[in-house]
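Colleague: Below you'll find the structure I mean.
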Amino acid sequence: MTWSVVNDGDGLPRIILTEPGGSSAEVLLYGGQIISWKNDRREELLFMSSKAVLKPPNSIRGGIPICFPQFGNFGFLEQHGFARNRLWALDSCPSPLPPSRSNSSVDLILKSTEEDLKTWPRSFELRLRIILAPGKLTLIPRVRNTDTRAFSFTFAMRNYLSVSDVSEVRVEGLETLDYFDNLMKRERFTEQADAITFDGEVDRVYLSTPSKIAIIDHEKKRTLVLRKGGLLDAVVWNPWDRKAKALPDFGDDDYKSMLCVDSAAIETPILLKSFEEWKGWQELSTVSSSYCSGQLDPCKVLYG
Ligand SMILES: O=P(O)(O)OC[C@H]1O[C@H](O)[C@H](O)[C@@H](O)[C@@H]1O
């Protein structure tokens with residue numbers, strides 16, 4: 001058995017996934033949220049705010065929250081939708097996805113409740129498979145329309161990544177792309193820089209992004225690679241100092257050690273007919289410092 005369910009002090013069910021190579025992940029059923037991912041050297045790869053509140057009804061400031069059925073305020077629902085504020089369950093029947101061949105995986109499910117139907121009257125099943133492998137964390141989200149009518153939604157896996165110093169980090173893979181700037185009333189711009197670097201607040205939705213993005217952290221001598229499918233957009237967010245101070249669950253200096261790079265479907269909402277299912281995926285992996293800028297070659301980045 002490579003996963004177990006434990007209850008923390010607040011009674012929130014928590015799943016501990018371990019992998020024979022020594023890496024581990026912690027998942028809360030609250031929000032279906034991964035709150036920790038450690039490599040075989042026990043280094044934490046995800047950010048968690050020093051002021052995070054791990055108690056319902058708040059969403060958790062860190063880890064990987066799931067934004068569904070709405071990203072941000074791109075709609076009439078609460079910011080980032082309600083899935084991150086709900087208690088999920090273990091999914092004993094993840095059909096039609098075949099059972100995972102990995103022992104270090106777990107399937108979660110969230111179904112629409114009476115309360116959800118009042119604000120978003122569409123019946124759905126949201127599933128999440130979490131697979132842990134050496135140096136790699138894979139998430140496979142699926143949404144099934146269990147309603148008699150079609151519906152559409154926006155979606156994101158918000159990856160709060162832990163970095164040494166955000167002002168020293170480069171993001172490669174998004175250059176020359178168009179983006180909506182949430183700080184400029186969602187005006188559309190084209191990225192001019194040959195890599196994204198950070199010296200102030202950033203809140204952008206990059207459009208039609210490639211399937212691979214590299215987050216290069218020179219100080220940690222580590223590159224995180226985000227690969228994804230079925231999720232065309234990528235959100236890059238850092239609140240910087242002023243916004244950080246305004247967020248009650250965010251430490252004043254926490255912005256320095258985090259960067260969100262999300263897999264998302266925002267510009268074109270996903271449309272599902274009755275009883276159709278959508279499936280996306282993302283894989284986070286790490287490569288050592290040997291990665292140099294401009295090497296976005298799959299073999300070099302992923303196996304170099
Ligand atoms: O505070 P949260 O609801 O988690 O949202 C955090 C941030 O997410 C998005 O990127 C929004 O565009 C921002 O306006 C928001 O501040």
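Residue numbering restarts at 1 in every chain; chains get A, B, ... in the order shown in the structure tokens, and ligands count up from 1 in that same order.
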Which protein, DNA or RNA residues have an atom within 7 Å of ligand 1, counting only C-alpha atoms and all ligand atoms, as an MDAnalysis selection string?
Modeller: chainID A and resid 61 72 79:80 182 203 237
Colleague: Give me, as a list in words, all polymer residues having an atom no more than 6 Å from stretch 50-54 of chain A, counting only C-alpha atoms and skipping those fewer than 5 positions away in the same chain.
Modeller: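 With the cut-off at 6 Å, the set is Ile60, Arg61, Asp249, Phe250 and Gly251 of chain A.
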Colleague: Take the residues from that selection and write them out as a PDB file, in the first residue's frame, keeping N, CA and C atoms.
Modeller:
```pdb
ATOM      1  N   ILE A  60      -7.053  27.009   0.201  1.00  0.00           N
ATOM      2  CA  ILE A  60      -5.732  26.974   0.842  1.00  0.00           C
ATOM      3  C   ILE A  60      -4.699  27.662  -0.031  1.00  0.00           C
ATOM      4  N   ARG A  61      -3.957  28.599   0.565  1.00  0.00           N
ATOM      5  CA  ARG A  61      -3.000  29.430  -0.183  1.00  0.00           C
ATOM      6  C   ARG A  61      -1.677  28.694  -0.377  1.00  0.00           C
ATOM      7  N   ASP A 249      -4.166  35.730   3.977  1.00  0.00           N
ATOM      8  CA  ASP A 249      -3.538  34.422   4.196  1.00  0.00           C
ATOM      9  C   ASP A 249      -2.182  34.314   3.489  1.00  0.00           C
ATOM     10  N   PHE A 250      -1.541  35.461   3.274  1.00  0.00           N
ATOM     11  CA  PHE A 250      -0.261  35.478   2.552  1.00  0.00           C
ATOM     12  C   PHE A 250       0.745  36.255   3.389  1.00  0.00           C
ATOM     13  N   GLY A 251       1.886  35.654   3.727  1.00  0.00           N
ATOM     14  CA  GLY A 251       2.911  36.361   4.500  1.00  0.00           C
ATOM     15  C   GLY A 251       3.477  37.523   3.680  1.00  0.00           C
TER      16      GLY A 251
END
```
Colleague: With only C-alpha atoms as the counted atoms, please give the residues lying no more than 7 Å from stretch 148-160 of chain A, apart from itself and same-chain residues fewer than 4 positions off, as a list in words.
Modeller: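 So, after excluding close chain neighbours, the residues are Leu46, Phe47, Gly62, Gly63, Ile64, Pro65, Ile66, Cys67, Phe68, Pro69, Gln70, Phe71, Met258, Leu259, Cys260, Val261, Asp262, Ser263, Ala264, Ala265, Ile266, Pro269, Ile270, Leu271, Leu272, Lys273 and Ser274 of chain A.
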Colleague: If we count only C-alpha atoms and set the cut-off at 9 Å, which residues sit around stretch 218-229 of chain A, ignoring sequence neighbours fewer than 5 positions away in its own chain? Please answer as JSON, numbers by chain.
Modeller: {"A": [45, 161, 163, 164, 165, 168, 169, 170, 210, 211, 212, 213, 261, 262, 263, 279, 280, 281, 282, 283, 284, 285, 286, 287, 288, 289, 290, 291, 301, 302]}
Colleague: Considering only strand (DSSP E or B) as DSSP defines it on the backbone, what residues of stretch 153-303 of chain A qualify? List them as a count of residues only.
Modeller: 72
Colleague: Give the helix (DSSP H, G or I) residues of stretch 64-169 of chain A, as DSSP finds them on the backbone, and put them as a list in words.
Modeller: Ala83, Arg84, Asn85, Glu114, Glu115, Asp116, Leu117, Lys118, Thr119, Val166, Ser167 and Glu168 of chain A
Colleague: Between atom CA of A:Thr113 and atom CA of A:Phe76, what is the distance, to one decimal in Å?
Modeller: 18.3 Å
Colleague: Quick one, how far is atom CA of A:Arg142 from atom CA of A:Leu90?
Modeller: 14.4 Å
Colleague: Kindly give the distance, in Å, that separates atom CA of A:Leu183 and atom CA of A:Leu247, rounded to a single decimal.
Modeller: 16.2 Å
